[in-house]
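The structure file data10.cif is reproduced below (mmCIF, C-alpha atoms).
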```
data_data
loop_
_atom_site.label_atom_id
_atom_site.label_comp_id
_atom_site.auth_asym_id
_atom_site.auth_seq_id
_atom_site.Cartn_x
_atom_site.Cartn_y
_atom_site.Cartn_z
CA ASN H 1 194.01 79.99 125.44
CA ALA H 2 190.40 80.74 124.43
CA GLY H 3 190.64 80.23 120.63
CA VAL H 4 187.17 80.75 119.13
CA THR H 5 184.44 81.74 121.55
CA GLN H 6 180.79 81.90 120.58
CA THR H 7 177.72 82.90 122.53
CA PRO H 8 175.11 81.96 123.47
CA LYS H 9 175.58 78.22 123.90
CA PHE H 10 171.83 77.52 123.85
CA GLN H 11 168.89 79.62 122.70
CA VAL H 12 165.19 79.01 122.13
CA LEU H 13 163.38 81.47 119.88
CA LYS H 14 159.83 81.88 118.77
CA THR H 15 159.12 82.06 115.06
CA GLY H 16 159.62 85.61 113.87
CA GLN H 17 161.95 86.68 116.67
CA SER H 18 165.40 88.00 115.92
CA MET H 19 168.71 87.26 117.54
CA THR H 20 172.44 87.61 117.04
CA LEU H 21 175.06 84.94 117.58
CA GLN H 22 178.36 86.40 118.67
CA CYS H 23 181.79 85.04 117.81
CA ALA H 24 185.26 86.19 118.75
CA GLN H 25 188.71 84.76 118.11
CA ASP H 26 191.94 85.68 119.82
CA MET H 27 194.38 84.15 117.32
CA ASN H 28 194.71 87.22 115.07
CA HIS H 29 193.19 85.26 112.19
CA ASN H 30 192.12 86.99 109.01
CA SER H 31 189.33 84.64 107.95
CA MET H 32 186.20 83.78 109.87
CA TYR H 33 183.26 81.54 109.05
CA TRP H 34 179.76 80.66 110.14
CA TYR H 35 178.52 77.10 109.57
CA ARG H 36 175.35 75.28 110.46
CA GLN H 37 175.26 71.56 111.20
CA ASP H 38 172.11 69.53 110.77
CA PRO H 39 171.62 65.78 111.19
CA GLY H 40 172.40 63.97 107.97
CA MET H 41 173.54 67.18 106.27
CA GLY H 42 177.02 67.73 107.58
CA LEU H 43 178.48 71.21 107.95
CA ARG H 44 177.26 73.85 105.53
CA LEU H 45 178.79 77.28 105.13
CA ILE H 46 176.44 80.21 105.74
CA TYR H 47 178.73 83.22 105.37
CA TYR H 48 182.42 83.91 105.56
CA SER H 49 184.72 86.87 105.94
CA ALA H 50 188.13 86.73 104.32
CA SER H 51 189.32 89.84 106.11
CA GLU H 52 188.09 92.70 108.25
CA GLY H 53 185.51 94.68 106.34
CA THR H 54 184.56 91.97 103.84
CA THR H 55 181.84 89.34 103.92
CA ASP H 56 180.61 86.84 101.33
CA LYS H 57 177.78 84.37 101.01
CA GLY H 58 178.35 80.69 101.46
CA GLU H 59 176.19 77.74 100.49
CA VAL H 60 173.11 78.58 102.62
CA PRO H 61 172.94 82.35 103.29
CA ASN H 62 169.18 82.92 103.04
CA GLY H 63 167.63 84.21 106.26
CA TYR H 64 170.93 85.32 107.75
CA ASN H 65 173.08 88.43 107.89
CA VAL H 66 176.59 88.86 109.18
CA SER H 67 178.85 91.61 110.42
CA ARG H 68 182.62 91.55 110.65
CA LEU H 69 182.83 94.10 113.44
CA ASN H 70 186.61 94.06 113.60
CA LYS H 71 189.36 91.51 113.10
CA ARG H 72 188.34 89.59 116.22
CA GLU H 73 184.57 89.51 115.94
CA PHE H 74 182.13 88.06 113.42
CA SER H 75 178.43 87.99 114.27
CA LEU H 76 175.54 86.14 112.69
CA ARG H 77 172.04 87.62 112.81
CA LEU H 78 168.69 85.99 112.26
CA GLU H 79 166.23 88.79 111.50
CA SER H 80 163.06 86.70 111.57
CA ALA H 81 163.72 83.21 112.84
CA ALA H 82 162.01 80.23 111.21
CA PRO H 83 161.74 76.62 112.40
CA SER H 84 163.97 75.63 109.47
CA GLN H 85 166.77 77.54 111.19
CA THR H 86 166.77 75.16 114.13
CA SER H 87 170.32 73.89 114.04
CA VAL H 88 173.72 73.89 115.66
CA TYR H 89 175.79 76.87 114.57
CA PHE H 90 179.56 76.90 114.52
CA CYS H 91 181.86 79.84 114.16
CA ALA H 92 185.36 79.16 112.88
CA SER H 93 188.53 81.05 112.05
CA GLU H 94 191.60 80.53 109.94
CA LYS H 95 194.87 82.39 109.56
CA GLY H 96 194.64 82.69 105.77
CA GLN H 97 192.60 81.30 102.90
CA GLY H 98 195.16 79.38 100.96
CA GLY H 99 193.56 76.02 101.47
CA GLY H 100 195.01 73.34 103.68
CA ASN H 101 195.26 75.68 106.64
CA THR H 102 193.99 74.73 110.06
CA ILE H 103 190.46 75.91 110.73
CA TYR H 104 189.58 76.35 114.38
CA PHE H 105 185.98 75.87 115.44
CA GLY H 106 184.07 77.20 118.39
CA GLU H 107 182.08 74.89 120.62
CA GLY H 108 178.78 75.55 118.90
CA SER H 109 175.49 77.31 119.58
CA TRP H 110 172.35 75.19 119.80
CA LEU H 111 169.39 77.15 118.42
CA THR H 112 165.80 75.96 118.54
CA VAL H 113 163.05 77.90 116.79
CA VAL H 114 159.53 76.99 117.88
CA THR A 1 178.86 71.55 93.19
CA GLN A 2 181.54 69.39 94.69
CA LEU A 3 180.28 66.59 96.90
CA LEU A 4 182.06 64.36 99.37
CA GLU A 5 180.49 61.02 100.18
CA GLN A 6 181.56 59.31 103.36
CA SER A 7 181.06 55.64 104.12
CA PRO A 8 180.04 54.04 106.30
CA GLN A 9 177.81 56.62 107.96
CA PHE A 10 177.65 54.73 111.24
CA LEU A 11 179.96 52.17 112.81
CA SER A 12 179.82 50.46 116.18
CA ILE A 13 182.77 48.24 117.04
CA GLN A 14 184.50 46.65 120.00
CA GLU A 15 187.67 47.98 121.51
CA GLY A 16 190.70 46.57 119.73
CA GLU A 17 189.11 46.24 116.31
CA ASN A 18 190.40 47.97 113.19
CA LEU A 19 188.30 50.12 110.89
CA THR A 20 188.50 52.15 107.72
CA VAL A 21 186.30 55.07 106.73
CA TYR A 22 186.19 56.35 103.18
CA CYS A 23 185.68 59.77 101.66
CA ASN A 24 184.92 59.81 97.94
CA SER A 25 184.18 62.40 95.31
CA SER A 26 183.98 62.75 91.56
CA SER A 27 185.82 66.06 91.87
CA VAL A 28 189.48 66.78 92.35
CA PHE A 29 190.48 68.56 95.54
CA SER A 30 193.63 70.57 96.11
CA SER A 31 193.67 69.47 99.72
CA LEU A 32 191.63 67.24 101.97
CA GLN A 33 191.22 67.42 105.71
CA TRP A 34 189.95 65.04 108.36
CA TYR A 35 188.27 66.28 111.53
CA ARG A 36 186.98 64.57 114.65
CA GLN A 37 184.02 66.00 116.50
CA GLU A 38 183.00 64.91 119.97
CA PRO A 39 179.47 65.44 121.31
CA GLY A 40 178.83 69.03 122.34
CA GLU A 41 182.00 70.35 120.75
CA GLY A 42 183.23 71.74 117.48
CA PRO A 43 185.26 69.74 114.96
CA VAL A 44 188.99 69.49 115.59
CA LEU A 45 191.43 69.08 112.73
CA LEU A 46 193.29 65.76 112.67
CA VAL A 47 195.26 66.04 109.45
CA THR A 48 195.57 67.78 106.09
CA VAL A 49 196.73 65.94 102.97
CA VAL A 50 197.68 67.84 99.84
CA THR A 51 199.63 65.49 97.56
CA GLY A 52 198.10 62.65 95.57
CA GLY A 53 199.13 59.32 97.09
CA GLU A 54 200.19 60.97 100.33
CA VAL A 55 200.04 58.88 103.50
CA LYS A 56 200.15 60.43 106.96
CA LYS A 57 200.16 58.69 110.30
CA LEU A 58 198.97 60.07 113.60
CA LYS A 59 199.58 57.44 116.28
CA ARG A 60 197.01 54.70 115.49
CA LEU A 61 195.38 56.71 112.69
CA THR A 62 196.56 56.41 109.08
CA PHE A 63 195.31 58.84 106.45
CA GLN A 64 195.69 58.40 102.72
CA PHE A 65 194.94 60.76 99.84
CA GLY A 66 194.11 59.06 96.57
CA ASP A 67 196.49 59.34 93.65
CA ALA A 68 193.92 61.34 91.67
CA ARG A 69 193.09 63.52 94.70
CA LYS A 70 189.43 62.55 94.51
CA ASP A 71 189.25 60.28 97.53
CA SER A 72 190.74 59.65 100.92
CA SER A 73 190.65 57.06 103.65
CA LEU A 74 191.15 56.99 107.38
CA HIS A 75 192.25 53.74 109.00
CA ILE A 76 192.20 53.29 112.77
CA THR A 77 194.17 50.44 114.25
CA ALA A 78 193.14 48.87 117.55
CA ALA A 79 190.31 51.31 118.20
CA GLN A 80 189.81 52.59 121.74
CA PRO A 81 186.73 54.09 123.42
CA GLY A 82 188.44 57.47 123.24
CA ASP A 83 188.21 57.28 119.45
CA THR A 84 184.41 57.56 119.68
CA GLY A 85 183.11 60.57 117.78
CA LEU A 86 182.03 61.95 114.43
CA TYR A 87 184.71 61.84 111.73
CA LEU A 88 184.37 64.42 108.99
CA CYS A 89 186.29 64.82 105.79
CA ALA A 90 186.47 68.18 104.06
CA GLY A 91 188.04 69.29 100.82
CA GLY A 92 188.23 72.14 98.44
CA PRO A 93 190.31 74.48 96.40
CA GLY A 94 190.25 76.90 99.28
CA SER A 95 188.69 77.36 102.67
CA GLU A 96 185.91 79.62 101.37
CA LYS A 97 184.76 76.75 99.22
CA LEU A 98 185.47 73.97 101.69
CA VAL A 99 183.03 71.11 101.29
CA PHE A 100 182.31 68.79 104.19
CA GLY A 101 181.15 65.21 104.03
CA LYS A 102 178.20 64.21 106.20
CA GLY A 103 180.45 62.38 108.60
CA MET A 104 180.91 58.90 110.03
CA LYS A 105 179.67 58.36 113.56
CA LEU A 106 181.97 55.92 115.34
CA THR A 107 181.21 54.19 118.61
CA VAL A 108 183.90 52.08 120.20
CA ASN A 109 182.56 49.87 122.97
CA PRO A 110 184.82 48.80 125.83
#
```

Represent the supplied structure as structure tokens.
Amino acid sequence: NAGVTQTPKFQVLKTGQSMTLQCAQDMNHNSMYWYRQDPGMGLRLIYYSASEGTTDKGEVPNGYNVSRLNKREFSLRLESAAPSQTSVYFCASEKGQGGGNTIYFGEGSWLTVV
Amino acid sequence: TQLLEQSPQFLSIQEGENLTVYCNSSSVFSSLQWYRQEPGEGPVLLVTVVTGGEVKKLKRLTFQFGDARKDSSLHITAAQPGDTGLYLCAGGPGSEKLVFGKGMKLTVNP
């Protein structure tokens, strides 16, 4: 029972490099999310996708792009990485968006930009 | 912008002690969730409360949603080392607007 799987687990980038974080869920969920978690800041929403084919900005979208490739997959791209994007990134999914539903998180991707 | 303030931010206690962590806001939430996050892993949902005044129990954990739906508390009875982790509260009108608190880092020493 994989749940939410995200790759890579760890990545070191140089400033200006680009990369894509991959996320897939096998629970047939409609909604998917990308969060970043920084010390003292809690979890902040970057982008979300309420359904296949739709994406919307969250609280901190600048410097990121996303693609909802299909119902299973939701990727996060950093076009030109900056040190401020050093963080732990979590992908999550949810069956619906009614509020109060269970959100399932991946194990996280540790990104360091030097 | 809705904000959730958690207190305390850090707590280190001995096995067997009780503790309470608070989650407060000036805003009303339609639902409030509590998560536990262990090092190197993603948050895992513990409970969702939706009704003002609601109390839910999960073994040694007791969750309460304030009558006005602006605050919540988590009480752990007889804490064990396995309770060690980061406890996060999150609330919102919907998941796309879910707001997370900064978390309370709990260490339970044997």

> How would you write as a ChimeraX atom specification the residues that get within 12 Å of (194.1, 55.1, 96.7) in the file's frame, counting all atoms listed in the file?
Replying inline: /A:22-24,51-55,63-74

>> Residues near region 4-8 of chain H, anyone? I mean within 10 Å using all atoms listed in the file, not counting same-chain ones fewer than 2 positions away, as a PyMOL selection string.
In response: (chain H and resi 1-2+10-11+20-27+32+72-75+89-93+104-111) or (chain A and resi 42)

>> Could you check the closest approach to Leu13 (chain H) for each of H:Gln37, H:Thr112, H:Asn30, H:Ser67 and tell me which residue wins, using only C-alpha atoms?
In response: H:Thr112

> Using all atoms listed in the file, which residues sit within 7 Å of Leu45 (chain A) once same-chain residues fewer than 6 positions away are excluded, as a ChimeraX atom specification?
Replying inline: /H:102 /A:34-36

>> If we count all atoms listed in the file and set the cut-off at 8 Å, which residues sit around Gly42 (chain H), ignoring sequence neighbours fewer than 3 positions away in its own chain? Please answer as an NGL selection string.
In response: (:H and (37-39)) or (:A and (100-103))

> For the file shown, what are the residues hit by the PyMOL selection byres ((chain A and resi 108) around 7), laid out as a ChimeraX atom specification?
Replying inline: /A:12-15,79-81,83-84,106-107,109-110

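Of the residues listed (A:Thr62, A:Ser30, A:Gln37, A:Thr48), A:Gln37 shows the shortest atom-to-atom separation from Gly85 (chain A); distances use only C-alpha atoms.
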
>> Based on all atoms listed in the file, which of the residues in chain A come within 12 Å of chain H? I want them as number ranges by chain.
In response: A: 1-6, 9-10, 29-51, 86-105

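Going from CA of Gln17 (chain H) over to CA of Ser80 (chain H), you cover 5.2 Å.
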
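The space between CA of Ile46 (chain H) and CA of Thr86 (chain H) spans 13.8 Å.
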
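Going from CA of Leu58 (chain A) over to CA of Ile76 (chain A), you cover 9.6 Å.
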
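The environment of Asn65 (chain H) within 8 Å, counting only C-alpha atoms and disregarding residues fewer than 3 places along the same chain, consists of Pro61, Leu76, Arg77, Leu78 and Glu79 of chain H.
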
Mind giving me the axis-aligned box for region 39-50 of chain H with 5 Å on every side, centre plus edges in Å to one decimal, as JSON?
```
{"center_x": 179.9, "center_y": 75.4, "center_z": 107.8, "size_x": 26.5, "size_y": 32.9, "size_z": 16.9}
```
